[in-house]
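For reference, entry-v9.txt (compact mmCIF, C-alpha atoms):
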# COMPACT_ATOMS: atom_id res chain seq x y z
CA MET A 1 96.99 158.94 120.55
CA LYS A 2 93.60 157.49 119.71
CA VAL A 3 95.11 155.94 116.64
CA LEU A 4 97.90 154.45 118.73
CA ILE A 5 95.41 153.00 121.25
CA CYS A 6 93.33 151.58 118.43
CA ARG A 7 96.42 150.06 116.89
CA LEU A 8 97.55 148.59 120.21
CA ALA A 9 94.04 147.28 120.90
CA GLY A 10 93.98 145.78 117.47
CA LEU A 11 97.21 143.83 117.96
CA PRO A 12 95.73 140.94 119.96
CA LEU A 13 92.97 140.64 117.38
CA VAL A 14 95.45 140.62 114.53
CA SER A 15 97.61 138.21 116.48
CA ALA A 16 94.63 135.93 117.16
CA MET A 17 93.66 136.05 113.49
CA ALA A 18 97.19 135.22 112.42
CA GLY A 19 97.30 132.38 114.93
CA SER A 20 94.01 131.08 113.64
CA LEU A 21 95.28 131.23 110.07
CA LEU A 22 98.42 129.35 111.09
CA ILE A 23 96.35 126.66 112.85
CA THR A 24 94.08 126.38 109.82
CA ALA A 25 97.12 126.14 107.55
CA GLY A 26 98.55 123.47 109.82
CA MET A 27 95.30 121.49 109.71
CA ARG A 28 95.18 121.82 105.94
CA LYS A 29 98.76 120.58 105.75
CA LYS A 30 97.87 117.58 107.90
CA ALA A 31 94.72 116.90 105.90
CA ARG A 32 96.77 116.98 102.70
CA MET A 33 98.81 113.89 103.67
CA SER A 34 99.17 111.93 100.44
CA GLY A 35 97.73 108.49 99.89
CA TYR A 36 101.28 107.21 99.58
CA ASP A 37 102.22 108.65 103.00
CA LYS A 38 99.12 107.06 104.58
CA LEU A 39 100.13 103.71 103.07
CA MET A 40 103.73 104.12 104.20
CA LEU A 41 102.69 104.98 107.77
CA PHE A 42 100.32 102.02 107.87
CA VAL A 43 103.03 99.63 106.66
CA GLU A 44 105.46 100.98 109.28
CA LYS A 45 102.91 100.81 112.11
CA SER A 46 101.76 97.27 111.22
CA THR A 47 105.35 96.08 110.95
CA GLU A 48 106.20 97.57 114.35
CA GLU A 49 103.17 95.87 115.89
CA HIS A 50 104.33 92.44 114.69
CA PRO A 51 108.11 92.63 115.10
CA ARG A 52 108.68 88.87 114.90
CA SER A 53 106.40 88.10 111.95
CA LYS A 54 105.88 88.92 108.34
CA VAL A 55 102.84 91.11 107.87
CA VAL A 56 100.58 90.79 104.81
CA ILE A 57 98.87 94.09 104.06
CA ASP A 58 96.03 94.85 101.66
CA ALA A 59 97.22 98.23 100.43
CA GLY A 60 93.79 99.20 99.10
CA SER A 61 91.85 98.81 102.34
CA LEU A 62 94.87 99.43 104.62
CA THR A 63 94.23 96.25 106.60
CA VAL A 64 96.50 93.52 107.87
CA VAL A 65 95.12 90.36 106.26
CA ALA A 66 97.61 87.88 107.73
CA THR A 67 100.71 87.60 109.87
CA GLY A 68 103.10 84.70 110.22
CA LYS A 69 106.47 83.24 109.44
CA GLU A 70 107.81 81.66 106.27
CA GLY A 71 106.82 78.00 106.05
CA GLU A 72 103.74 78.45 108.22
CA GLY A 73 101.28 78.69 105.34
CA LEU A 74 102.10 82.33 104.76
CA GLU A 75 102.41 81.94 100.98
CA SER A 76 98.88 80.56 100.67
CA LYS A 77 97.60 83.47 102.78
CA ILE A 78 99.37 85.89 100.43
CA ARG A 79 97.86 84.19 97.35
CA GLU A 80 94.43 84.40 98.99
CA ALA A 81 94.93 88.09 99.79
CA LYS A 82 95.94 88.74 96.19
CA SER A 83 92.76 87.22 94.77
CA GLY A 84 91.08 89.56 92.33
CA GLY A 85 94.34 91.35 91.60
CA ARG A 86 94.47 93.25 94.89
CA PHE A 87 97.73 95.04 95.64
CA VAL A 88 99.36 93.29 98.57
CA ILE A 89 102.52 94.28 100.43
CA VAL A 90 104.47 91.91 102.66
CA SER A 91 106.56 93.63 105.28
CA GLN A 92 108.97 92.49 107.95
CA LYS A 93 110.88 94.48 110.52
CA SER A 94 114.47 94.72 109.39
CA ASP A 95 117.40 94.79 111.74
CA ASP A 96 118.94 98.26 111.44
CA ALA A 97 122.24 97.27 112.98
CA LEU A 98 122.86 94.42 110.60
CA SER A 99 120.89 95.22 107.49
CA CYS A 100 122.61 95.45 104.12
CA ASN A 101 125.64 93.52 105.23
CA MET A 102 125.87 90.49 107.47
CA HIS A 103 122.20 89.78 108.15
CA THR A 104 121.02 90.67 104.66
CA PHE A 105 123.45 88.31 103.03
CA GLY A 106 122.96 85.54 105.54
CA LEU A 107 126.43 85.74 107.06
CA MET D 1 107.11 113.24 85.73
CA ASN D 2 108.05 114.10 89.33
CA PHE D 3 107.66 111.82 92.31
CA THR D 4 108.23 112.78 95.95
CA TYR D 5 108.19 109.98 98.47
CA HIS D 6 109.06 109.71 102.14
CA GLY D 7 111.37 106.87 103.06
CA LEU D 8 110.39 104.03 105.36
CA GLU D 9 112.35 102.91 108.42
CA HIS D 10 114.68 105.95 108.33
CA LYS D 11 116.09 104.67 105.02
CA PRO D 12 115.89 105.64 101.35
CA MET D 13 113.28 102.90 101.07
CA ILE D 14 110.04 103.24 99.12
CA ILE D 15 107.04 101.07 98.43
CA ALA D 16 107.20 100.14 94.76
CA ALA D 17 105.21 97.89 92.48
CA VAL D 18 106.83 94.77 91.09
CA VAL D 19 105.10 93.82 87.85
CA ASP D 20 105.30 90.55 85.97
CA PRO D 21 105.07 91.74 82.33
CA ASN D 22 103.97 88.28 81.20
CA THR D 23 100.91 88.06 83.44
CA GLY D 24 100.40 91.73 84.37
CA GLU D 25 100.30 90.74 88.04
CA GLN D 26 101.38 93.43 90.50
CA PHE D 27 103.02 92.99 93.86
CA GLY D 28 103.85 95.57 96.50
CA CYS D 29 107.39 95.51 97.80
CA LYS D 30 109.55 97.68 100.02
CA MET D 31 112.64 98.62 98.02
CA ILE D 32 115.84 100.41 99.00
CA LEU D 33 117.30 102.82 96.44
CA ASP D 34 120.92 101.74 96.33
CA THR D 35 123.17 103.83 94.09
CA GLY D 36 126.02 101.42 94.80
CA CYS D 37 124.20 98.42 93.36
CA HIS D 38 124.29 98.01 89.60
CA LYS D 39 121.47 95.47 89.28
CA THR D 40 118.01 95.45 90.80
CA SER D 41 117.80 92.52 93.19
CA PHE D 42 115.46 90.62 95.45
CA PRO D 43 115.78 87.80 97.93
CA ALA D 44 115.47 84.50 96.04
CA ILE D 45 112.60 83.48 98.28
CA LEU D 46 110.43 86.21 96.74
CA ALA D 47 110.65 84.73 93.22
CA SER D 48 107.79 82.28 93.75
CA ARG D 49 105.66 85.05 95.19
CA PHE D 50 106.12 86.97 91.95
CA GLY D 51 105.10 83.91 89.92
CA HIS D 52 108.58 82.57 89.10
CA ASN D 53 110.31 79.27 89.73
CA ASN D 54 114.01 79.27 90.63
CA ASP D 55 114.25 75.55 89.86
CA HIS D 56 112.94 75.78 86.28
CA PRO D 57 115.62 74.52 83.84
CA ASP D 58 115.32 77.61 81.60
CA VAL D 59 116.03 80.06 84.41
CA VAL D 60 119.36 81.88 84.06
CA LYS D 61 121.49 81.18 87.13
CA GLY D 62 124.87 82.49 88.10
CA ILE D 63 127.31 83.52 90.76
CA GLY D 64 127.66 87.20 91.51
CA CYS D 65 129.54 89.36 93.94
CA THR D 66 128.13 91.30 96.88
CA LEU D 67 129.56 93.06 99.90
CA GLY D 68 129.14 89.76 101.73
CA GLY D 69 131.12 87.79 99.13
CA ASP D 70 129.96 85.50 96.34
CA CYS D 71 126.24 85.00 95.90
CA HIS D 72 124.06 82.67 93.86
CA PHE D 73 121.40 84.37 91.79
CA TYR D 74 118.47 83.49 89.53
CA THR D 75 117.39 86.01 86.88
CA HIS D 76 113.66 86.53 86.36
CA THR D 77 111.45 88.81 84.30
CA VAL D 78 109.99 91.66 86.36
CA LYS D 79 109.47 95.39 85.89
CA ILE D 80 109.51 98.01 88.61
CA GLY D 81 106.68 100.55 88.89
CA LEU D 82 106.46 103.84 90.76
CA LEU D 83 103.16 104.39 92.53
CA ASP D 84 100.95 107.45 92.27
CA GLU D 85 101.71 109.65 95.28
CA SER D 86 98.19 110.90 95.93
CA GLU D 87 96.33 107.66 95.26
CA PRO D 88 98.67 104.64 95.13
CA VAL D 89 95.83 102.13 95.07
CA ALA D 90 92.52 102.40 93.20
CA GLU D 91 89.12 101.59 94.69
CA ASP D 92 89.19 98.16 93.07
CA GLY D 93 92.32 97.36 95.10
CA LYS D 94 94.76 97.52 92.16
CA ALA D 95 97.90 99.64 92.21
CA ILE D 96 98.01 102.90 90.28
CA ILE D 97 101.41 102.83 88.58
CA ARG D 98 102.57 106.13 87.07
CA TRP D 99 105.95 104.97 85.78
CA LEU D 100 107.09 101.52 84.70
CA SER D 101 110.68 100.54 84.03
CA LYS D 102 111.89 99.54 80.58
CA SER D 103 114.28 97.16 82.28
CA ASP D 104 112.49 93.86 82.68
CA SER D 105 114.86 91.65 84.62
CA ALA D 106 116.12 91.39 88.17
CA ASP D 107 118.37 89.04 90.09
CA PHE D 108 116.94 86.95 92.89
CA ILE D 109 119.77 86.21 95.30
CA ALA D 110 119.85 83.07 97.42
CA GLU D 111 121.93 84.62 100.21
CA PHE D 112 119.80 87.78 100.39
CA LYS D 113 117.62 87.22 103.46
CA SER D 114 115.08 89.94 103.79
CA GLU D 115 111.61 91.06 102.86
CA TYR D 116 112.63 94.01 100.70
CA GLY D 117 114.25 94.48 97.32
CA ILE D 118 116.99 96.76 96.01
CA ILE D 119 116.48 99.24 93.18
CA GLY D 120 119.84 99.43 91.45
CA ARG D 121 121.38 101.67 88.83
CA ASP D 122 119.85 99.63 85.98
CA ILE D 123 116.51 101.22 86.96
CA MET D 124 117.91 104.58 88.12
CA ARG D 125 119.61 105.22 84.78
CA GLU D 126 116.13 105.36 83.24
CA TRP D 127 115.34 108.37 85.48
CA LYS D 128 116.45 111.94 84.82
CA SER D 129 117.43 112.35 88.45
CA VAL D 130 117.02 111.02 91.96
CA GLU D 131 117.63 113.21 95.01
CA PHE D 132 117.81 112.32 98.68
CA SER D 133 117.25 114.94 101.36
CA ASP D 134 116.41 115.09 105.09
CA MET D 135 118.51 111.96 105.50
CA ASP D 136 118.96 112.74 109.21
CA LYS D 137 115.16 112.81 109.70
CA PRO D 138 112.96 109.81 110.47
CA ARG D 139 111.40 110.12 107.04
CA PRO D 140 114.01 111.04 104.44
CA LYS D 141 112.68 112.65 101.30
CA ILE D 142 113.25 110.97 97.94
CA GLN D 143 112.57 112.95 94.78
CA ILE D 144 112.59 111.14 91.47
CA VAL D 145 112.28 112.80 88.07
CA THR D 146 111.56 110.46 85.18

As structure tokens, the full file:
Amino acid sequence: MKVLICRLAGLPLVSAMAGSLLITAGMRKKARMSGYDKLMLFVEKSTEEHPRSKVVIDAGSLTVVATGKEGEGLESKIREAKSGGRFVIVSQKSDDALSCNMHTFGL
Amino acid sequence: MNFTYHGLEHKPMIIAAVVDPNTGEQFGCKMILDTGCHKTSFPAILASRFGHNNDHPDVVKGIGCTLGGDCHFYTHTVKIGLLDESEPVAEDGKAIIRWLSKSDSADFIAEFKSEYGIIGRDIMREWKSVEFSDMDKPRPKIQIVT
């Protein structure tokens, strides 16, 4: 009986420990987000924040260095951002409904 | 070499490096992996960004066929690079490219109006395999073995 009581009393502790381990594992999983995933999420977020513009992103510092439309000096901003060989990504929100067919091919 | 990426915008779209083998310059570009497209392609407007000139007399030009009908293309020299998953960009701001295509040309299509490129089968055939999973999830998984 004593053993049973001890076992029952121990359950919450074991449960708490297991929960703690799971939380720790979850945190570790979150902390292990790859550099590529961080870059991808930043590109997505920046693009969403500027839905009507092209967004020029410095992929090294994860910063938006310029936004604008084609023909508004965007190309010179991109060249400036690329100075020193920095890796720059230009992103624009694509239209899900029309991409890869009519919109993509200018129809 | 194995690469596991998560797709952007709910699509099999990755961030890849576009490299000009003549100058070594690298450019970041969103690219859709399109198994139905035989040639790697970009919008023509991106050519100048990658250091090329569509109007140069030596540039190969032609008329191709797309889902939208005939298209006018310019062929330029570029290679496609796959980025390191854990550290895609070094501290000096340059891309860390773990795999670079042997193929060194792509078509730049006048009617292609977008800000992303298409990785076609000319690049994919250099890989051992490419696998798409979790396609119903916001971030589909793309596994490439080179």

Within 12 Å of (95.6, 86.8, 99.4) (file coordinates; all atoms listed in the file), which protein or nucleic acid residues are there? I'd like them as a PDB file with C-alpha atoms, keeping the file's coordinate frame.
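Heads up, here's the output in result_6.pdb:
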ATOM      1  CA  VAL A  55     102.840  91.110 107.870  1.00  0.00           C
ATOM      2  CA  VAL A  56     100.580  90.790 104.810  1.00  0.00           C
ATOM      3  CA  ILE A  57      98.870  94.090 104.060  1.00  0.00           C
ATOM      4  CA  ASP A  58      96.030  94.850 101.660  1.00  0.00           C
ATOM      5  CA  ALA A  59      97.220  98.230 100.430  1.00  0.00           C
ATOM      6  CA  THR A  63      94.230  96.250 106.600  1.00  0.00           C
ATOM      7  CA  VAL A  64      96.500  93.520 107.870  1.00  0.00           C
ATOM      8  CA  VAL A  65      95.120  90.360 106.260  1.00  0.00           C
ATOM      9  CA  ALA A  66      97.610  87.880 107.730  1.00  0.00           C
ATOM     10  CA  THR A  67     100.710  87.600 109.870  1.00  0.00           C
ATOM     11  CA  GLY A  73     101.280  78.690 105.340  1.00  0.00           C
ATOM     12  CA  LEU A  74     102.100  82.330 104.760  1.00  0.00           C
ATOM     13  CA  GLU A  75     102.410  81.940 100.980  1.00  0.00           C
ATOM     14  CA  SER A  76      98.880  80.560 100.670  1.00  0.00           C
ATOM     15  CA  LYS A  77      97.600  83.470 102.780  1.00  0.00           C
ATOM     16  CA  ILE A  78      99.370  85.890 100.430  1.00  0.00           C
ATOM     17  CA  ARG A  79      97.860  84.190  97.350  1.00  0.00           C
ATOM     18  CA  GLU A  80      94.430  84.400  98.990  1.00  0.00           C
ATOM     19  CA  ALA A  81      94.930  88.090  99.790  1.00  0.00           C
ATOM     20  CA  LYS A  82      95.940  88.740  96.190  1.00  0.00           C
ATOM     21  CA  SER A  83      92.760  87.220  94.770  1.00  0.00           C
ATOM     22  CA  GLY A  84      91.080  89.560  92.330  1.00  0.00           C
ATOM     23  CA  GLY A  85      94.340  91.350  91.600  1.00  0.00           C
ATOM     24  CA  ARG A  86      94.470  93.250  94.890  1.00  0.00           C
ATOM     25  CA  PHE A  87      97.730  95.040  95.640  1.00  0.00           C
ATOM     26  CA  VAL A  88      99.360  93.290  98.570  1.00  0.00           C
ATOM     27  CA  ILE A  89     102.520  94.280 100.430  1.00  0.00           C
ATOM     28  CA  VAL A  90     104.470  91.910 102.660  1.00  0.00           C
TER      29      VAL A  90
ATOM     30  CA  PHE D  27     103.020  92.990  93.860  1.00  0.00           C
ATOM     31  CA  ARG D  49     105.660  85.050  95.190  1.00  0.00           C
ATOM     32  CA  GLY D  93      92.320  97.360  95.100  1.00  0.00           C
TER      33      GLY D  93
END

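The space separating CA of Val59 in chain D from CA of Gly81 in chain D comes to 23.0 Å.
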
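Between CA of Glu111 in chain D and CA of His72 in chain D there is a distance of 7.0 Å.
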
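Minimum atom-to-atom distance to chain A, evaluated using all atoms listed in the file, belongs to D:Gly69 out of D:Pro57, D:Gly69, D:Pro21, D:Pro12.
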
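CA of Thr75 in chain D lies 8.4 Å from CA of Asn54 in chain D.
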
Item checked: Sphere at (117.0, 112.0, 108.0), radius 12 Å, counting only C-alpha atoms: residues as a count of residues only -> 18

Could the residues of chain D that have an atom at most 10 Å from chain A be listed as a tab-separated table, each with its closest atom pair and the distance in Å to one decimal, counting all atoms listed in the file and ordered by chain and ascending residue number?
residue	atom	partner	partner_atom	distance
D:Thr4	CA	A:Tyr36	CA	9.6
D:Tyr5	CA	A:Tyr36	CA	7.5
D:His6	CA	A:Asp37	CA	7.0
D:Gly7	CA	A:Met40	CA	8.2
D:Leu8	CA	A:Met40	CA	6.8
D:Glu9	CA	A:Glu44	CA	7.2
D:His10	CA	A:Asp96	CA	9.3
D:Lys11	CA	A:Asp96	CA	9.5
D:Ile14	CA	A:Met40	CA	8.1
D:Ile15	CA	A:Met40	CA	7.3
D:Ala16	CA	A:Ile89	CA	9.4
D:Ala17	CA	A:Phe87	CA	8.6
D:Gly24	CA	A:Gly85	CA	9.4
D:Glu25	CA	A:Gly85	CA	7.0
D:Gln26	CA	A:Phe87	CA	6.5
D:Phe27	CA	A:Phe87	CA	5.9
D:Gly28	CA	A:Ile89	CA	4.3
D:Cys29	CA	A:Ile89	CA	5.7
D:Lys30	CA	A:Ser91	CA	7.3
D:Ile32	CA	A:Cys100	CA	9.8
D:Pro43	CA	A:Thr104	CA	9.0
D:Ile45	CA	A:Glu70	CA	9.5
D:Ser48	CA	A:Glu75	CA	9.0
D:Arg49	CA	A:Glu75	CA	7.3
D:Thr66	CA	A:Phe105	CA	8.3
D:Leu67	CA	A:Asn101	CA	6.6
D:Gly68	CA	A:Phe105	CA	6.0
D:Gly69	CA	A:Phe105	CA	8.6
D:Asp70	CA	A:Phe105	CA	9.7
D:Cys71	CA	A:Phe105	CA	8.3
D:Leu83	CA	A:Tyr36	CA	7.8
D:Asp84	CA	A:Tyr36	CA	7.3
D:Glu85	CA	A:Tyr36	CA	5.0
D:Ser86	CA	A:Gly35	CA	4.7
D:Glu87	CA	A:Gly35	CA	4.9
D:Pro88	CA	A:Tyr36	CA	5.8
D:Val89	CA	A:Gly60	CA	5.4
D:Ala90	CA	A:Gly60	CA	6.8
D:Glu91	CA	A:Gly60	CA	6.9
D:Asp92	CA	A:Arg86	CA	7.4
D:Gly93	CA	A:Gly60	CA	4.6
D:Lys94	CA	A:Arg86	CA	5.1
D:Ala95	CA	A:Phe87	CA	5.7
D:Ile96	CA	A:Phe87	CA	9.5
D:Ile109	CA	A:Phe105	CA	8.8
D:Ala110	CA	A:Phe105	CA	8.5
D:Glu111	CA	A:Phe105	CA	4.9
D:Phe112	CA	A:Phe105	CA	4.5
D:Lys113	CA	A:Thr104	CA	5.0
D:Ser114	CA	A:Thr104	CA	6.0
D:Glu115	CA	A:Gln92	CA	5.9
D:Tyr116	CA	A:Ser91	CA	7.6
D:Ile118	CA	A:Cys100	CA	10.0

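Distance check against Phe42 in chain D using only C-alpha atoms: of D:His76, D:His56, D:Arg125, D:Arg98, the minimum falls on D:His76.
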
Item checked: For Leu46 in chain D: contacts at 9 Å, all atoms listed in the file, fewer than 5 positions along chain excluded, given as a PyMOL selection string -> chain D and resi 51-52+108+115

Residues near Ile123 in chain D, anyone? I mean within 9 Å using all atoms listed in the file, not counting same-chain ones fewer than 4 positions away, as a PDB file with C-alpha atoms, in the coordinates of the input.
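Result file follows (part-v3.pdb):
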ATOM      1  CA  HIS D  38     124.290  98.010  89.600  1.00  0.00           C
ATOM      2  CA  LYS D  39     121.470  95.470  89.280  1.00  0.00           C
ATOM      3  CA  THR D  40     118.010  95.450  90.800  1.00  0.00           C
ATOM      4  CA  ILE D  80     109.510  98.010  88.610  1.00  0.00           C
ATOM      5  CA  SER D 101     110.680 100.540  84.030  1.00  0.00           C
ATOM      6  CA  LYS D 102     111.890  99.540  80.580  1.00  0.00           C
ATOM      7  CA  SER D 103     114.280  97.160  82.280  1.00  0.00           C
ATOM      8  CA  ILE D 119     116.480  99.240  93.180  1.00  0.00           C
ATOM      9  CA  TRP D 127     115.340 108.370  85.480  1.00  0.00           C
TER      10      TRP D 127
END
